[in-house]
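Enquirer: Provided herewith: run.cif, mmCIF, C-alpha atoms.
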```cif
data_work
#
loop_
_atom_site.label_atom_id
_atom_site.label_comp_id
_atom_site.auth_asym_id
_atom_site.auth_seq_id
_atom_site.Cartn_x
_atom_site.Cartn_y
_atom_site.Cartn_z
CA GLU K 223 -25.73 29.08 88.45
CA VAL K 224 -25.63 32.47 90.17
CA PHE K 225 -22.25 31.57 91.66
CA LEU K 226 -20.84 30.61 88.26
CA ARG K 227 -22.20 33.80 86.73
CA ARG K 228 -20.53 35.90 89.43
CA ARG K 229 -17.25 34.06 88.89
CA ALA K 230 -17.48 34.69 85.14
CA LEU K 231 -18.09 38.38 85.71
CA ALA K 232 -15.20 38.56 88.16
CA ALA K 233 -12.91 36.79 85.70
CA ALA K 234 -13.88 39.03 82.79
CA PRO K 235 -11.06 41.47 82.03
CA MET K 236 -11.85 45.10 82.81
CA ALA K 237 -11.49 47.59 80.00
CA THR K 238 -8.46 49.83 80.22
CA PRO K 239 -8.97 53.62 80.09
CA GLU K 240 -7.71 53.61 76.49
CA GLU K 241 -10.17 50.88 75.51
CA TRP K 242 -13.03 52.72 77.19
CA TYR K 243 -12.05 55.97 75.46
CA ARG K 244 -11.87 54.32 72.04
CA SER K 245 -15.22 52.60 72.61
CA LEU K 246 -17.02 55.95 72.82
CA PRO K 247 -18.93 57.07 69.71
CA PRO K 248 -17.01 59.66 67.65
CA VAL K 249 -19.04 62.77 68.55
CA THR K 250 -19.11 61.89 72.24
CA ARG K 251 -15.38 61.19 72.23
CA GLY K 252 -14.58 64.39 70.36
CA TYR K 253 -16.77 66.60 72.53
CA MET K 254 -15.41 65.10 75.75
CA THR K 255 -11.83 65.51 74.52
CA SER K 256 -12.45 69.16 73.57
CA ALA K 257 -14.02 69.89 76.96
CA VAL K 258 -11.15 68.32 78.90
CA ALA K 259 -8.55 70.03 76.69
CA ALA K 260 -10.20 73.44 77.13
CA THR K 261 -10.37 73.09 80.90
CA LEU K 262 -6.82 71.70 81.14
CA THR K 263 -5.25 74.52 79.10
CA VAL K 264 -7.05 77.15 81.18
CA GLN K 265 -6.22 75.39 84.45
CA LEU K 266 -2.52 75.28 83.54
CA GLY K 267 -2.52 78.93 82.54
CA LEU K 268 -1.74 78.13 78.90
CA LEU K 269 -4.87 79.86 77.60
CA ASP K 270 -6.98 82.78 78.75
CA PRO K 271 -10.70 81.87 78.75
CA SER K 272 -11.42 85.35 77.38
CA LEU K 273 -10.01 84.10 74.07
CA MET K 274 -12.66 81.38 73.91
CA HIS K 275 -15.84 83.10 75.02
CA LEU K 276 -18.63 84.25 72.71
CA ASP K 277 -17.70 87.87 72.00
CA PHE K 278 -19.69 89.18 69.04
CA PRO K 279 -17.64 92.38 68.49
CA SER K 280 -14.52 90.22 68.17
CA ILE K 281 -16.31 87.76 65.88
CA PHE K 282 -17.74 90.38 63.52
CA GLY K 283 -15.03 93.02 63.87
CA SER K 284 -11.86 90.95 64.04
CA LEU K 285 -13.17 87.76 62.39
CA GLU K 286 -12.27 85.66 65.44
CA LEU K 287 -14.55 82.92 64.17
CA TRP K 288 -13.13 80.22 66.44
CA ARG K 289 -15.18 81.72 69.27
CA LEU K 290 -18.30 80.29 67.62
CA LEU K 291 -16.94 76.83 68.49
CA THR K 292 -14.73 77.25 71.56
CA ASN K 293 -17.48 78.79 73.69
CA PHE K 294 -19.26 75.42 73.57
CA THR K 295 -16.27 73.50 74.94
CA PHE K 296 -15.40 75.31 78.18
CA PHE K 297 -17.30 74.02 81.22
CA GLY K 298 -15.16 75.87 83.77
CA THR K 299 -12.01 74.95 85.65
CA PHE K 300 -11.56 71.64 87.48
CA SER K 301 -14.30 71.43 90.10
CA PHE K 302 -17.27 69.35 91.12
CA PRO K 303 -19.60 71.15 88.65
CA PHE K 304 -17.08 70.41 85.87
CA VAL K 305 -17.02 66.71 86.79
CA MET K 306 -20.83 66.57 86.82
CA SER K 307 -21.01 68.34 83.46
CA LEU K 308 -18.53 65.85 82.02
CA PHE K 309 -20.54 62.94 83.42
CA PHE K 310 -23.74 64.28 81.87
CA LEU K 311 -21.97 64.96 78.57
CA ILE K 312 -20.62 61.42 78.31
CA ARG K 313 -23.78 59.65 79.40
CA TYR K 314 -26.46 61.48 77.45
CA THR K 315 -24.42 62.29 74.35
CA LYS K 316 -23.30 58.67 74.13
CA GLU K 317 -26.81 57.23 74.51
CA LEU K 318 -28.30 59.72 72.06
CA GLU K 319 -25.56 59.08 69.51
CA ALA K 320 -25.87 55.31 69.86
CA LYS K 321 -29.64 55.29 69.27
CA ARG K 322 -30.97 58.27 67.35
CA PHE K 323 -27.80 58.97 65.38
CA GLU K 324 -26.40 55.47 65.02
CA GLY K 325 -24.02 55.47 62.06
CA ARG K 326 -24.89 59.14 61.38
CA THR K 327 -22.03 61.15 62.81
CA ALA K 328 -22.51 63.99 60.33
CA ASP K 329 -26.22 64.28 61.14
CA PHE K 330 -25.46 64.51 64.85
CA LEU K 331 -22.89 67.24 64.27
CA TRP K 332 -25.37 69.04 62.03
CA ALA K 333 -28.04 68.81 64.73
CA MET K 334 -25.62 70.30 67.25
CA ALA K 335 -24.76 73.05 64.75
CA ILE K 336 -28.46 73.91 64.35
CA MET K 337 -29.04 73.99 68.09
CA GLY K 338 -25.82 75.94 68.59
CA ALA K 339 -26.92 78.53 66.03
CA VAL K 340 -30.21 79.03 67.87
CA GLN K 341 -28.34 79.43 71.15
CA ALA K 342 -25.93 81.96 69.61
CA VAL K 343 -28.85 84.04 68.30
CA VAL K 344 -30.47 84.02 71.75
CA ALA K 345 -27.14 84.94 73.35
CA TYR K 346 -26.79 87.84 70.91
CA VAL K 347 -30.26 89.12 71.80
CA LEU K 348 -29.98 88.63 75.57
CA GLY K 349 -26.29 89.42 76.02
CA GLY K 350 -24.24 88.34 79.00
CA LEU K 351 -23.89 84.69 77.95
CA PRO K 352 -20.19 84.25 77.18
CA PHE K 353 -20.16 80.43 77.25
CA LEU K 354 -22.90 78.22 75.85
CA SER K 355 -21.46 74.84 76.82
CA GLN K 356 -24.11 74.33 79.50
CA ALA K 357 -26.83 75.32 77.03
CA MET K 358 -25.56 72.77 74.50
CA LEU K 359 -25.50 70.09 77.16
CA SER K 360 -29.06 70.99 78.14
CA ALA K 361 -30.12 70.79 74.47
CA ILE K 362 -28.59 67.31 74.16
CA VAL K 363 -30.38 66.20 77.32
CA TYR K 364 -33.66 67.59 75.95
CA VAL K 365 -33.40 65.65 72.67
CA TRP K 366 -32.35 62.59 74.71
CA SER K 367 -35.50 62.98 76.84
CA ARG K 368 -37.65 62.76 73.70
CA GLU K 369 -35.79 59.70 72.44
CA PHE K 370 -35.86 57.97 75.86
CA ALA K 371 -39.17 59.40 77.06
CA ASP K 372 -40.22 56.26 78.98
CA THR K 373 -36.90 55.69 80.73
CA VAL K 374 -37.26 55.95 84.52
CA LEU K 375 -34.56 57.86 86.39
CA SER K 376 -34.04 58.14 90.13
CA VAL K 377 -33.45 61.55 91.70
CA PHE K 378 -31.07 61.03 94.62
CA GLY K 379 -33.02 57.87 95.46
CA LEU K 380 -35.92 60.00 96.71
CA PHE K 381 -38.33 59.69 93.80
CA ASN K 382 -38.46 58.51 90.22
CA VAL K 383 -39.17 60.57 87.14
CA GLN K 384 -39.73 59.69 83.50
CA GLY K 385 -37.07 60.69 81.02
CA PHE K 386 -39.59 62.93 79.24
CA TYR K 387 -39.57 65.32 82.24
CA TRP K 388 -35.86 65.00 83.06
CA PRO K 389 -34.73 68.37 81.56
CA TRP K 390 -37.26 70.22 83.70
CA VAL K 391 -36.17 68.33 86.82
CA LEU K 392 -32.59 69.46 86.15
CA VAL K 393 -33.78 73.07 85.78
CA ALA K 394 -35.63 72.82 89.10
CA LEU K 395 -32.58 71.33 90.82
CA ARG K 396 -30.38 74.12 89.53
CA VAL K 397 -32.78 76.75 90.87
CA LEU K 398 -33.02 74.98 94.24
CA MET K 399 -29.22 75.02 94.47
CA GLY K 400 -29.14 78.76 93.86
CA GLY K 401 -28.03 78.70 90.23
CA SER K 402 -29.43 80.53 87.24
CA PRO K 403 -31.63 78.49 84.90
CA VAL K 404 -31.06 80.79 81.90
CA LEU K 405 -28.55 78.59 80.07
CA ASP K 406 -30.63 75.48 80.72
CA LEU K 407 -33.72 77.20 79.31
CA VAL K 408 -31.80 78.42 76.26
CA GLY K 409 -30.65 74.85 75.67
CA ILE K 410 -34.17 73.47 76.07
CA LEU K 411 -35.47 76.07 73.60
CA SER K 412 -32.89 75.13 70.97
CA GLY K 413 -33.41 71.41 71.54
CA HIS K 414 -37.16 71.80 71.23
CA ILE K 415 -36.85 73.76 67.98
CA TYR K 416 -34.73 70.98 66.50
CA TYR K 417 -37.06 68.26 67.79
CA PHE K 418 -40.17 70.12 66.61
CA LEU K 419 -38.83 70.62 63.10
CA GLU K 420 -37.41 67.12 62.70
CA ASP K 421 -39.88 64.90 64.57
CA VAL K 422 -43.15 66.85 64.69
CA GLN K 423 -43.13 68.75 61.41
CA GLY K 424 -41.19 66.07 59.57
CA TYR K 425 -38.47 68.26 58.08
CA SER K 426 -35.36 66.28 57.17
CA LEU K 427 -32.54 68.12 58.91
CA ARG K 428 -29.82 65.96 57.40
CA ALA K 429 -26.22 67.07 57.10
CA PRO K 430 -24.99 68.41 53.75
CA ALA K 431 -23.56 65.79 51.41
CA LEU K 432 -19.99 67.05 51.83
CA LEU K 433 -20.17 66.67 55.60
CA SER K 434 -21.86 63.28 55.40
CA ASP K 435 -19.30 61.96 52.91
CA PHE K 436 -16.43 63.10 55.11
CA PHE K 437 -17.67 61.58 58.38
CA ASP K 438 -19.86 58.65 57.37
CA ARG K 439 -18.43 57.16 54.18
CA GLY K 440 -17.06 53.72 54.94
CA ARG K 441 -18.89 53.50 58.29
CA PRO K 442 -21.81 51.10 58.87
CA GLY K 443 -25.25 52.66 59.00
CA PRO K 444 -27.90 54.28 56.79
CA ALA K 445 -25.88 57.45 56.25
CA ALA K 446 -22.98 55.44 54.84
CA ALA K 447 -25.28 53.52 52.51
CA GLN K 448 -26.79 56.77 51.30
CA ALA K 449 -23.34 58.29 50.79
CA GLN K 450 -22.27 55.32 48.69
CA ARG K 451 -25.18 56.00 46.30
CA ARG K 452 -24.06 59.57 45.67
CA ASN K 453 -21.54 60.66 43.10
CA MET K 454 -19.09 63.50 43.64
CA PHE K 455 -21.70 66.12 42.73
CA GLY K 456 -24.21 64.93 45.31
CA ASN K 457 -26.44 63.13 42.82
CA HIS K 458 -27.46 59.50 43.29
CA ASN K 459 -26.25 56.46 41.44
CA TRP K 460 -29.17 54.06 41.39
CA GLY K 461 -28.15 50.60 40.14
CA GLY K 462 -25.33 49.39 37.97
CA GLY K 463 -23.64 50.62 34.87
CA GLY K 464 -26.10 48.98 32.45
CA GLN K 465 -25.45 47.21 29.19
CA ARG K 466 -24.75 48.43 25.67
CA LEU K 467 -27.57 48.06 23.20
CA GLY K 468 -26.75 45.54 20.55
CA GLY K 469 -23.61 44.48 22.37
#
```
Translate the structure of the given file into structure tokens.
Expert:
Amino acid sequence: EVFLRRRALAAAPMATPEEWYRSLPPVTRGYMTSAVAATLTVQLGLLDPSLMHLDFPSIFGSLELWRLLTNFTFFGTFSFPFVMSLFFLIRYTKELEAKRFEGRTADFLWAMAIMGAVQAVVAYVLGGLPFLSQAMLSAIVYVWSREFADTVLSVFGLFNVQGFYWPWVLVALRVLMGGSPVLDLVGILSGHIYYFLEDVQGYSLRAPALLSDFFDRGRPGPAAAQAQRRNMFGNHNWGGGGQRLGG
């Protein structure tokens, strides 16, 4: 039986890179694509990273509003840290999107917008944080750790740790390797604020109707069902059209 199972696995066709890419959930696929595109354009000298970083004088003075988005996409030039960041982005964003935000693309984007806004405010107060991509990744890992709190992860095969403590293990590893934990802590703060409001306090941090209709209408899941019950003004259509009296 084991032999036949191994033969079946060996005979199973492997997914092509295109098939794997298309199998990723939409937010994960979009974020990964943006990160690779940002790094590739900088690596090839097509774009100066100074045009992407979070520069508040340029945002408020010159209305360079794209910086509010592009600073979250640049993880550095091609290097081992970039590869590790991409690995973490794909794994934890994919798992979080597949479980907590299944069929709710707009809600996931809205959650990232809320966490990103918190990070931008902290960056404005602290200064010296031109790129918040690592903070966003840390925030995603933090929310993942609450959703997969009992998952056991191995740290270099030396010891195991529960998913609930995983963000803090990553902070400790960064410090041990001589890096600064500031961005990780900013991400954890923003992730905790979102988690506290949504899961602890019970606030419904759902995406606006316009965003939900755009991303989730026609897709399977609770968000799509809710969108189908709304009319163009955001109100709900409960039931059918009814019957005429006396007709």
Enquirer: Residues near K:Gln384, anyone? I mean within 8 Å using all atoms listed in the file, not counting same-chain ones fewer than 5 positions away, as a list of chain:residue names.
Expert: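 Those residues are K:Ala371, K:Asp372, K:Thr373, K:Val374, K:Leu375.
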Enquirer: Here is a test: counting all atoms listed in the file, which residue of K:Ile312, K:Met337, K:Ile415, K:Val264 is nearest to K:Met358?
Expert: K:Met337
Enquirer: Starting from the shown file, work through the PyMOL selection byres ((chain K and resi 386) around 10) and note down what comes out as a PyMOL selection string.
Expert: chain K and resi 363-374+383-385+387-391
Enquirer: Quick one: pull the distance between atom CA of K:Ala357 and atom CA of K:Leu407, Å, one decimal.
Expert: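 Between these atoms lies a distance of 7.5 Å.
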Enquirer: Go ahead and compute the interatomic distance for atom CA of K:Met334 and atom CA of K:Leu291, in Å to one decimal.
Expert: 10.9 Å
Enquirer: Counting only C-alpha atoms, figure out which residue out of K:Ser360, K:Ser402, K:Ser412, K:Thr295 gets nearest to K:Tyr253.
Expert: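 Nearest candidate to K:Tyr253 out of K:Ser360, K:Ser402, K:Ser412, K:Thr295: K:Thr295.
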Enquirer: With a distance cut-off of 7 Å and all atoms listed in the file, select the neighbouring residues of stretch 433-436 of chain K, excluding the residue or stretch itself and same-chain residues fewer than 3 positions from it, and output the selection as a list in words.
Expert: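 Here the qualifying residues turn out to be Ala328, Ala429, Pro430, Arg439 and Ala449 of chain K.
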Enquirer: If you measure from atom CA of K:Glu241 to atom CA of K:Lys321, what distance in Å do you get, rounded to one decimal?
Expert: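 One can read the atom CA of K:Glu241 to atom CA of K:Lys321 distance as 20.9 Å.
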Enquirer: Could you tell me, as a count of residues only, exactly which residues end up selected when the PyMOL selection byres ((chain K and resi 278-284) around 10) is applied to this structure?
Expert: 15
Enquirer: When distances are computed from only C-alpha atoms, which of K:Val305, K:Leu392, K:Leu351, K:Leu269 shows the smallest separation from K:Val404?
Expert: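 Closest to K:Val404 of all the choices is K:Leu351.
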Enquirer: Determine the nearest neighbour of K:Gln356 from the options K:Leu308, K:Leu405, K:Leu318, K:Ala394, counting all atoms listed in the file.
Expert: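 Looking at the shortest contact to K:Gln356, the residue is K:Leu405.
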Enquirer: Name the residues within 12 Å of (-20.8, 66.9, 69.9), counting only C-alpha atoms in the file's coordinates, and put them as a ChimeraX atom specification.
Expert: /K:246-257,291,294-295,311-312,314-316,318-319,323,327-338,355,358-359,361-362
Enquirer: Those same residues, written as a PDB file, keeping the file's coordinate frame with C-alpha atoms?
Expert:
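Final output, saved to again16.pdb:
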```pdb
ATOM      1  CA  LEU K 246     -17.020  55.950  72.820  1.00  0.00           C
ATOM      2  CA  PRO K 247     -18.930  57.070  69.710  1.00  0.00           C
ATOM      3  CA  PRO K 248     -17.010  59.660  67.650  1.00  0.00           C
ATOM      4  CA  VAL K 249     -19.040  62.770  68.550  1.00  0.00           C
ATOM      5  CA  THR K 250     -19.110  61.890  72.240  1.00  0.00           C
ATOM      6  CA  ARG K 251     -15.380  61.190  72.230  1.00  0.00           C
ATOM      7  CA  GLY K 252     -14.580  64.390  70.360  1.00  0.00           C
ATOM      8  CA  TYR K 253     -16.770  66.600  72.530  1.00  0.00           C
ATOM      9  CA  MET K 254     -15.410  65.100  75.750  1.00  0.00           C
ATOM     10  CA  THR K 255     -11.830  65.510  74.520  1.00  0.00           C
ATOM     11  CA  SER K 256     -12.450  69.160  73.570  1.00  0.00           C
ATOM     12  CA  ALA K 257     -14.020  69.890  76.960  1.00  0.00           C
ATOM     13  CA  LEU K 291     -16.940  76.830  68.490  1.00  0.00           C
ATOM     14  CA  PHE K 294     -19.260  75.420  73.570  1.00  0.00           C
ATOM     15  CA  THR K 295     -16.270  73.500  74.940  1.00  0.00           C
ATOM     16  CA  LEU K 311     -21.970  64.960  78.570  1.00  0.00           C
ATOM     17  CA  ILE K 312     -20.620  61.420  78.310  1.00  0.00           C
ATOM     18  CA  TYR K 314     -26.460  61.480  77.450  1.00  0.00           C
ATOM     19  CA  THR K 315     -24.420  62.290  74.350  1.00  0.00           C
ATOM     20  CA  LYS K 316     -23.300  58.670  74.130  1.00  0.00           C
ATOM     21  CA  LEU K 318     -28.300  59.720  72.060  1.00  0.00           C
ATOM     22  CA  GLU K 319     -25.560  59.080  69.510  1.00  0.00           C
ATOM     23  CA  PHE K 323     -27.800  58.970  65.380  1.00  0.00           C
ATOM     24  CA  THR K 327     -22.030  61.150  62.810  1.00  0.00           C
ATOM     25  CA  ALA K 328     -22.510  63.990  60.330  1.00  0.00           C
ATOM     26  CA  ASP K 329     -26.220  64.280  61.140  1.00  0.00           C
ATOM     27  CA  PHE K 330     -25.460  64.510  64.850  1.00  0.00           C
ATOM     28  CA  LEU K 331     -22.890  67.240  64.270  1.00  0.00           C
ATOM     29  CA  TRP K 332     -25.370  69.040  62.030  1.00  0.00           C
ATOM     30  CA  ALA K 333     -28.040  68.810  64.730  1.00  0.00           C
ATOM     31  CA  MET K 334     -25.620  70.300  67.250  1.00  0.00           C
ATOM     32  CA  ALA K 335     -24.760  73.050  64.750  1.00  0.00           C
ATOM     33  CA  ILE K 336     -28.460  73.910  64.350  1.00  0.00           C
ATOM     34  CA  MET K 337     -29.040  73.990  68.090  1.00  0.00           C
ATOM     35  CA  GLY K 338     -25.820  75.940  68.590  1.00  0.00           C
ATOM     36  CA  SER K 355     -21.460  74.840  76.820  1.00  0.00           C
ATOM     37  CA  MET K 358     -25.560  72.770  74.500  1.00  0.00           C
ATOM     38  CA  LEU K 359     -25.500  70.090  77.160  1.00  0.00           C
ATOM     39  CA  ALA K 361     -30.120  70.790  74.470  1.00  0.00           C
ATOM     40  CA  ILE K 362     -28.590  67.310  74.160  1.00  0.00           C
TER      41      ILE K 362
END
```
Enquirer: Would you output stretch 393-404 of chain K from that structure, restricted to all heavy atoms, as a compact mmCIF listing (two decimals), in the first residue's frame?
Expert:
```txt
# COMPACT_ATOMS: atom_id res chain seq x y z
N VAL K 393 11.33 38.45 16.50
CA VAL K 393 11.97 39.67 17.02
C VAL K 393 13.28 39.30 17.71
O VAL K 393 14.33 39.97 17.50
CB VAL K 393 11.04 40.40 18.00
CG1 VAL K 393 11.79 41.53 18.70
CG2 VAL K 393 9.83 40.97 17.27
N ALA K 394 13.27 38.26 18.52
CA ALA K 394 14.47 37.84 19.23
C ALA K 394 15.57 37.41 18.26
O ALA K 394 16.75 37.74 18.43
CB ALA K 394 14.14 36.70 20.20
N LEU K 395 15.17 36.68 17.21
CA LEU K 395 16.15 36.24 16.21
C LEU K 395 16.77 37.43 15.49
O LEU K 395 17.98 37.44 15.21
CB LEU K 395 15.48 35.29 15.21
CG LEU K 395 15.09 33.91 15.73
CD1 LEU K 395 14.33 33.13 14.67
CD2 LEU K 395 16.33 33.13 16.18
N ARG K 396 15.96 38.43 15.20
CA ARG K 396 16.50 39.61 14.51
C ARG K 396 17.52 40.33 15.39
O ARG K 396 18.57 40.78 14.92
CB ARG K 396 15.38 40.57 14.12
CG ARG K 396 15.84 41.72 13.23
CD ARG K 396 14.69 42.58 12.77
NE ARG K 396 13.75 41.83 11.96
CZ ARG K 396 13.92 41.61 10.66
NH1 ARG K 396 15.00 42.07 10.03
NH2 ARG K 396 13.01 40.94 9.98
N VAL K 397 17.22 40.45 16.68
CA VAL K 397 18.14 41.09 17.60
C VAL K 397 19.43 40.29 17.73
O VAL K 397 20.54 40.85 17.74
CB VAL K 397 17.48 41.29 18.99
CG1 VAL K 397 18.50 41.79 20.00
CG2 VAL K 397 16.31 42.25 18.88
N LEU K 398 19.30 38.96 17.82
CA LEU K 398 20.48 38.10 17.94
C LEU K 398 21.37 38.20 16.71
O LEU K 398 22.60 38.03 16.81
CB LEU K 398 20.05 36.65 18.16
CG LEU K 398 19.45 36.33 19.54
CD1 LEU K 398 18.94 34.89 19.58
CD2 LEU K 398 20.49 36.56 20.64
N MET K 399 20.77 38.47 15.55
CA MET K 399 21.55 38.60 14.31
C MET K 399 22.04 40.02 14.08
O MET K 399 22.56 40.33 13.02
CB MET K 399 20.72 38.11 13.12
CG MET K 399 20.48 36.61 13.13
SD MET K 399 19.68 35.99 11.63
CE MET K 399 18.06 36.73 11.76
N GLY K 400 21.85 40.88 15.06
CA GLY K 400 22.38 42.23 14.97
C GLY K 400 21.49 43.23 14.28
O GLY K 400 21.92 44.35 14.00
N GLY K 401 20.25 42.87 14.02
CA GLY K 401 19.33 43.80 13.36
C GLY K 401 18.52 44.61 14.35
O GLY K 401 18.52 44.35 15.55
N SER K 402 17.84 45.61 13.83
CA SER K 402 16.99 46.46 14.67
C SER K 402 15.57 45.88 14.71
O SER K 402 15.01 45.55 13.66
CB SER K 402 16.94 47.88 14.12
OG SER K 402 15.97 48.64 14.82
N PRO K 403 14.99 45.79 15.90
CA PRO K 403 13.64 45.23 16.00
C PRO K 403 12.53 46.28 15.84
O PRO K 403 11.36 45.94 16.01
CB PRO K 403 13.63 44.66 17.43
CG PRO K 403 14.49 45.62 18.19
CD PRO K 403 15.57 46.07 17.22
N VAL K 404 12.89 47.52 15.52
CA VAL K 404 11.90 48.60 15.52
C VAL K 404 10.75 48.32 14.58
O VAL K 404 9.57 48.41 14.95
CB VAL K 404 12.57 49.95 15.18
CG1 VAL K 404 11.51 51.04 15.02
CG2 VAL K 404 13.55 50.34 16.27
```
